[in-house]
Each structure stands twice: as C-alpha cells, then as structure tokens.
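Q: Sending over coords15.txt (compact mmCIF, C-alpha atoms).
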# COMPACT_ATOMS: atom_id res chain seq x y z
CA MET A 13 98.11 104.16 127.31
CA GLY A 14 98.31 107.84 126.47
CA ARG A 15 95.49 109.64 124.72
CA SER A 16 97.81 111.73 122.57
CA ARG A 17 97.46 109.12 119.83
CA ARG A 18 94.28 108.09 118.06
CA THR A 19 93.37 104.45 118.45
CA ILE A 20 92.88 102.11 115.50
CA PRO A 21 89.10 101.85 116.09
CA GLU A 22 88.86 105.65 115.96
CA GLU A 23 90.93 105.81 112.77
CA LEU A 24 88.93 103.03 111.12
CA LEU A 25 85.69 104.89 111.88
CA LEU A 26 87.07 108.18 110.53
CA LEU A 27 88.07 106.39 107.32
CA ALA A 28 84.54 105.01 106.98
CA LEU A 29 82.78 108.35 107.46
CA ASP A 30 81.56 109.90 104.22
CA PRO A 31 82.41 113.62 104.41
CA ALA A 32 79.57 114.54 102.04
CA THR A 33 76.68 112.58 103.60
CA GLY A 34 77.77 112.09 107.20
CA THR A 35 77.00 108.36 106.97
CA THR A 36 79.35 105.43 107.48
CA ALA A 37 80.34 103.11 104.66
CA GLN A 38 79.81 99.36 105.16
CA PRO A 39 78.01 99.83 108.51
CA GLN A 40 77.32 96.16 109.28
CA SER A 41 80.85 94.93 108.59
CA LEU A 42 82.24 98.08 110.20
CA ASP A 43 80.76 96.97 113.52
CA LEU A 44 82.78 93.76 113.25
CA GLY A 45 85.84 95.74 112.21
CA LEU A 46 85.63 97.98 115.28
CA ALA A 47 85.56 94.93 117.56
CA GLY A 48 88.58 93.58 115.70
CA ALA A 49 90.35 96.93 115.84
CA GLN A 50 90.04 96.87 119.62
CA LEU A 51 91.92 93.57 119.66
CA VAL A 52 94.71 95.02 117.53
CA GLU A 53 94.97 98.10 119.74
CA LEU A 54 95.13 95.96 122.88
CA ALA A 55 97.83 93.82 121.28
CA LEU A 56 99.89 96.90 120.38
CA ALA A 57 99.51 98.03 124.00
CA GLY A 58 100.93 94.70 125.20
CA ARG A 59 97.70 93.56 126.91
CA ILE A 60 96.82 90.61 124.67
CA ALA A 61 98.69 88.36 122.24
CA PRO A 62 97.75 85.82 119.58
CA ASP A 63 97.77 82.17 120.61
CA GLY A 64 97.24 80.31 117.34
CA ASP A 65 93.81 81.47 116.17
CA ARG A 66 92.95 82.53 119.70
CA ILE A 67 93.49 85.67 121.75
CA ALA A 68 95.13 85.45 125.17
CA VAL A 69 95.33 88.14 127.84
CA VAL A 70 98.97 88.61 128.85
CA SER A 71 98.50 91.69 131.05
CA PRO A 72 95.18 92.78 132.62
CA ARG A 73 96.57 96.21 133.50
CA PRO A 74 94.15 98.94 132.30
CA THR A 75 95.17 101.03 129.32
CA GLY A 76 93.43 104.21 130.44
CA ASP A 77 90.98 104.05 127.54
CA PRO A 78 87.54 103.15 129.00
CA THR A 79 86.24 101.41 125.88
CA LEU A 80 89.39 99.34 125.40
CA ASP A 81 89.53 98.52 129.10
CA CYS A 82 85.96 97.23 128.97
CA ALA A 83 86.95 94.88 126.14
CA LEU A 84 90.08 93.82 128.02
CA GLU A 85 88.06 93.01 131.15
CA LEU A 86 85.59 90.93 129.13
CA LEU A 87 88.48 88.98 127.63
CA ARG A 88 90.02 88.49 131.08
CA ARG A 89 86.75 87.12 132.44
CA ARG A 90 86.76 84.39 129.81
CA GLY A 91 89.57 82.78 131.80
CA ALA A 92 91.05 81.09 128.73
CA PRO A 93 92.14 82.23 125.27
CA VAL A 94 89.14 82.93 123.04
CA ARG A 95 88.96 82.37 119.30
CA ALA A 96 89.14 85.63 117.40
CA VAL A 97 86.08 84.74 115.29
CA HIS A 98 84.02 84.08 118.42
CA TRP A 99 85.00 87.39 119.96
CA ILE A 100 84.43 89.45 116.81
CA GLY A 101 81.19 87.63 115.96
CA GLY A 102 79.67 88.21 119.39
CA PRO A 103 77.16 90.99 120.01
CA ARG A 104 78.68 94.45 120.32
CA LEU A 105 75.70 96.59 121.23
CA GLY A 106 76.31 100.26 120.54
CA LEU A 107 80.05 99.96 119.83
CA ARG A 108 79.90 102.17 116.74
CA GLN A 109 77.80 104.75 118.58
CA THR A 110 80.25 104.70 121.48
CA TYR A 111 83.09 105.64 119.17
CA LEU A 112 81.04 108.21 117.28
CA SER A 113 80.12 109.88 120.57
CA HIS A 114 83.76 109.83 121.62
CA LEU A 115 84.86 111.46 118.36
CA GLU A 116 82.16 114.09 118.89
CA ARG A 117 83.44 114.85 122.39
CA CYS A 118 86.94 115.18 120.97
CA GLY A 119 85.67 117.68 118.40
CA MET A 120 86.56 115.53 115.39
CA VAL A 121 82.92 115.12 114.27
CA HIS A 122 79.68 116.90 115.02
CA ALA A 123 76.22 115.38 115.14
CA VAL A 124 73.50 116.60 112.78
CA ALA A 125 69.96 115.61 113.74
CA GLY A 126 67.45 114.79 111.03
CA GLN A 127 64.59 112.53 110.04
CA MET A 128 64.25 109.57 107.74
CA CYS A 129 61.09 109.61 105.61
CA GLY A 130 60.00 112.62 107.66
CA VAL A 131 59.29 110.41 110.67
CA LEU A 132 62.21 108.38 112.05
CA PRO A 133 64.82 110.42 113.94
CA THR A 134 68.32 110.03 112.58
CA THR A 135 71.75 111.39 113.39
CA ARG A 136 74.48 112.01 110.86
CA TYR A 137 78.07 112.75 111.78
CA GLN A 138 80.05 115.29 109.82
CA ALA A 139 83.82 115.39 110.18
CA THR A 140 85.05 118.70 111.58
CA GLU A 141 88.77 117.92 111.51
CA THR A 142 89.05 116.83 107.89
CA ALA A 143 92.83 117.23 108.02
CA ILE A 144 92.96 114.29 110.43
CA SER A 145 91.01 112.06 108.06
CA ARG A 146 93.26 113.14 105.18
CA GLU A 147 96.36 112.32 107.23
CA ILE A 148 95.05 108.82 108.00
CA LYS A 149 94.22 108.23 104.34
CA ALA A 150 97.64 109.58 103.30
CA ARG A 151 99.37 106.91 105.39
CA LEU A 152 97.51 104.22 103.48
CA ASP A 153 98.23 105.95 100.17
CA THR A 154 101.94 106.06 100.96
CA ALA A 155 102.08 102.38 101.87
CA ILE A 156 100.19 101.49 98.69
CA ARG A 157 102.23 103.75 96.42
CA THR A 158 105.74 103.03 97.70
CA GLY A 159 105.45 99.36 98.56
CA VAL A 160 107.58 100.00 101.64
CA PRO A 161 106.37 97.88 104.59
CA PRO A 162 104.29 100.22 106.76
CA ASP A 163 104.49 100.54 110.52
CA PRO A 164 102.35 98.01 112.48
CA ARG A 165 99.54 100.49 113.15
CA THR A 166 99.15 101.44 109.50
CA ALA A 167 99.44 97.81 108.39
CA ALA A 168 96.73 96.75 110.83
CA LEU A 169 94.50 99.66 109.78
CA ALA A 170 94.94 98.69 106.13
CA ALA A 171 94.11 95.05 106.90
CA LEU A 172 90.91 96.04 108.73
CA ALA A 173 89.91 98.55 106.05
CA HIS A 174 90.14 95.77 103.47
CA ALA A 175 88.35 93.27 105.73
CA VAL A 176 85.29 95.47 106.24
CA GLY A 177 85.07 96.41 102.57
CA LEU A 178 86.26 100.01 102.68
CA GLY A 179 88.43 99.55 99.59
CA LYS A 180 85.72 100.74 97.18
CA HIS A 181 84.91 103.64 99.49
CA LEU A 182 88.54 104.78 99.70
CA TYR A 183 89.58 103.89 96.14
CA PRO A 184 86.43 103.87 93.99
CA GLY A 185 85.92 102.94 90.35
CA ASN A 186 88.11 101.17 87.85
CA GLU A 187 90.91 103.62 88.47
CA GLY A 188 91.07 102.49 92.10
CA ARG A 189 91.28 98.78 91.31
CA SER A 190 95.07 98.51 91.63
CA SER A 191 95.01 100.48 94.90
CA ARG A 192 92.34 98.17 96.29
CA SER A 193 94.50 95.19 95.37
CA ARG A 194 97.55 96.68 97.08
CA LEU A 195 95.44 97.55 100.14
CA ARG A 196 94.54 93.88 100.40
CA ASP A 197 98.20 92.89 100.09
CA LEU A 198 99.17 95.04 103.10
CA ILE A 199 97.44 92.48 105.31
CA ARG A 200 100.65 90.41 105.38
CA HIS A 201 102.71 93.08 107.13
CA ASP A 202 101.17 92.72 110.60
CA PRO A 203 100.50 89.24 112.06
CA MET A 204 97.92 90.41 114.60
CA GLY A 205 96.19 92.67 112.10
CA GLY A 206 96.13 89.80 109.62
CA LEU A 207 94.67 87.37 112.18
CA VAL A 208 91.93 89.80 113.13
CA ALA A 209 91.18 90.84 109.54
CA HIS A 210 90.78 87.22 108.46
CA ALA A 211 88.51 86.62 111.46
CA VAL A 212 86.34 89.60 110.45
CA MET A 213 86.02 88.21 106.92
CA ASP A 214 85.28 84.70 108.24
CA VAL A 215 82.43 86.01 110.38
CA GLN A 216 80.98 87.92 107.42
CA ASN A 217 81.20 84.85 105.21
CA GLY A 218 79.68 82.57 107.83
CA ALA A 219 82.80 80.42 107.70
CA VAL A 220 83.18 80.08 111.46
CA VAL A 221 84.31 76.55 112.27
CA GLN A 222 82.12 75.05 114.96
CA PRO A 223 83.81 73.25 117.87
CA ARG A 224 83.99 69.49 117.48
CA ARG A 225 83.05 66.92 120.05
CA ASN A 226 84.74 63.58 120.50
CA PRO A 227 82.76 61.17 118.25
CA ALA A 228 82.88 58.32 120.79
CA GLN A 229 81.77 60.58 123.59
CA ALA A 230 78.99 62.04 121.43
CA GLY A 231 77.81 58.52 120.58
CA ARG A 232 77.60 57.54 124.24
CA GLN A 233 75.59 60.66 125.04
CA ALA A 234 73.20 60.23 122.14
CA GLY A 235 72.72 56.48 122.46
CA PRO A 236 73.05 53.71 119.85
CA GLY A 237 71.94 54.66 116.35
CA ALA A 238 71.27 58.27 117.22
CA ARG A 239 72.76 61.15 115.29
CA SER A 240 74.46 63.86 117.25
CA ALA A 241 73.57 67.40 116.29
CA PRO A 242 76.46 69.81 115.73
CA GLU A 243 77.24 71.96 118.71
CA PRO A 244 76.67 75.66 117.98
CA ALA A 245 79.65 77.95 118.16
CA ARG A 246 79.40 79.95 121.35
CA GLY A 247 79.21 83.69 121.06
CA VAL A 248 78.72 83.75 117.29
CA PRO A 249 75.26 84.81 116.11
CA ALA A 250 73.78 83.40 112.92
CA GLN A 251 74.40 86.78 111.33
CA PRO A 252 76.68 89.64 112.41
CA HIS A 253 74.91 91.69 115.06
CA ARG A 254 74.11 95.17 113.84
CA GLY A 255 74.04 96.72 117.29
CA SER A 256 71.62 99.26 118.67
CA MET A 257 72.28 101.91 116.08
CA ALA A 258 68.71 102.85 115.12
CA ARG A 259 69.46 106.53 115.34
CA VAL A 260 72.53 106.49 113.15
CA VAL A 261 71.89 106.58 109.43
CA ALA A 262 73.83 103.81 107.70
CA HIS A 263 74.05 103.28 103.96
Mind turning the file's structure into structure tokens?

A:
Amino acid sequence: MGRSRRTIPEELLLLALDPATGTTAQPQSLDLGLAGAQLVELALAGRIAPDGDRIAVVSPRPTGDPTLDCALELLRRRGAPVRAVHWIGGPRLGLRQTYLSHLERCGMVHAVAGQMCGVLPTTRYQATETAISREIKARLDTAIRTGVPPDPRTAALAALAHAVGLGKHLYPGNEGRSSRSRLRDLIRHDPMGGLVAHAVMDVQNGAVVQPRRNPAQAGRQAGPGARSAPEPARGVPAQPHRGSMARVVAH
C-alpha cells in the first residue's frame, strides 16, 4: 500500500480535530471509529472482506502501513472470522495517540503542550495543513450537495463520521440539520463502510448480541433445575475503552 494517499483513519481524525481548540470532537466514540476505519482501509486494500457480520482475512500480505499491519496481524491470529462489533469494542490502547503522532510526523498537525487546571499536563494538536482538512470536508460536502454516489473511500468516511457523531461538529446548528441527515444517508453507498459504521453504533449503544449456547448442552452443564448464566461476549468491554489518552485533551 503506497503512502501517497491518506488512510481513512487519518482522514477521520483530521475531520474530528477542532482547528480553534486543538481538541478532538467525540473522543470516546472516535476511538471506536478509528478501529472501524482500520477495517475499512484493510478491506479497500484487499486484505480483509466481510463474511456476514464478521470480518475475514483474505490476504495476510503486509500493506506497508505499520499501524494497519498490526491490526491485520491481530486479525490473522484470531484464526477465524471475527464479529465486527467484537473487534471494534475491544481495547485499543493508544490508537488515537498513535495516529495523532503520525500526523505530527507528517507535518499535518503540531503538538502544543499545556496544563489542565494548572496541574495536569495536556497536549493539544493544531492542524498545520488546513487545506488538507478542507479538501476532506469538501468531498463530504459534494456528496451531500449533489446526491451523486461518492467513491467508496468517501462513502466509508461519511458512514464513520456519522457513526461517531461528527455530524454536529461538521454541520452544526439548525441550518446543518439537512446536511446531517444526508450524511447519515451516505452510509448505504459502501457495504463495508456500512457494516463497520453500524458495528460502531452498536458498541456505543451496548447492543452487542452475546453468543448463544445450545440450551440442552447448557442444561447438562448446569445440572437439573439450574439456570445458566449468559456467556459474556468476548473482547467487548462493558463500556467502550477510552484508551491511554490521559495527555490528550478531549472535549
């Protein structure tokens, strides 16, 4: 995978950055969105493919992007297709910081050190290449305004932006209501983006379906008259993991 093109996780993060404050909008759901954006990027690179509501590795060949290749290797080690909600809902320690640091190395943002309440160290990230952020936003604007089906990358980016709640950040107020509605509608134009976006929203809403056991088998294990407790969904925390982002200010 060439590095001449920005990845969907990078673009999603640039969309979320507030140019005035240097903070990221919707930080908790954004962490989930970045994990989902990695899946979309790997699918576009031909490394994974949807298998129902699961994700299957179809080619373990590295992409050349270290962060994506780490995700690809973790998926490969599962040995079997993994449900999108389980993957996205799993802990992603430092994923947002990884991408912020990458954008800083690329010169697209610069870190500004500060303090919260005069004590806690914080780091804000100001965009340096604002033209890039404007170009990304313009692609969404065009898709919303014209109604022409966007390319798969833009459709997936729109689906993820809606899923993590960036609509009010990108199109605020009553005047942005119709644009937010059209942003949501773009989710139908990319099957993989739609699958991942719905998984992101399911994790946020706590609507992850837990795996079922065979009732007869559960009864034999529990014994006569005993109630079997529901089996917890593997890899999905009770609440979305916020990651180790103590130094990044998030509002």

Q: Hey, which bits of stretch 85-123 of chain A sit within 10 Å of stretch 206-213 of chain A, and for each residue what's the closest pair of atoms and how far apart in Å (one decimal), counting only C-alpha atoms, rows by chain and increasing number, as a tab-separated table?

A:
residue	atom	partner	partner_atom	distance
A:Arg95	CA	A:Ala211	CA	8.9
A:Ala96	CA	A:Ala211	CA	6.1
A:Val97	CA	A:Ala211	CA	4.9
A:His98	CA	A:Ala211	CA	8.7
A:Trp99	CA	A:Ala211	CA	9.2
A:Ile100	CA	A:Val212	CA	6.6
A:Gly101	CA	A:Val212	CA	7.8

Q: So which residues touch A:Val124 within 7 Å, counting only C-alpha atoms, skipping near sequence neighbours fewer than 6 positions away, as a ChimeraX atom specification?

A: /A:135-137

Q: One decimal, Å: what's the distance from atom CA of A:Thr154 over to atom CA of A:Arg194, could you say?

A: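 That distance, rounded to one decimal, is 11.1 Å.
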
Q: Just to confirm, what's the straight-line distance from atom CA of A:Arg146 to atom CA of A:Ala55 in Å (one decimal)?

A: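 Atom CA of A:Ala55 lies 25.6 Å from atom CA of A:Arg146.
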
Q: Counting all atoms listed in the file, which of A:Arg90, A:Arg157, A:Arg108, A:His181 gets nearest to A:Gln40?

A: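 Among A:Arg90, A:Arg157, A:Arg108, A:His181, it is A:Arg108 that comes nearest to A:Gln40.
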
Q: Just want the 12 Å neighbourhood of A:Glu53, counted on all atoms listed in the file, with same-chain residues fewer than 2 positions away dropped. Output as a ChimeraX atom specification.

A: /A:13,17-24,46-51,55-61,75,77,79-81,83-84,164-166,168-169,172,204-205,208

Q: Atom CA of A:Gly106 and atom CA of A:Pro74 are how many Å apart?

A: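 Spanning atom CA of A:Gly106 to atom CA of A:Pro74 is a straight-line distance of 21.4 Å.
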
Q: Neighbourhood query: residues within 8 Å of (80.1, 98.7, 106.6), file coordinates, counting all atoms listed in the file; return as a ChimeraX atom specification.

A: /A:28,36-43,176-178
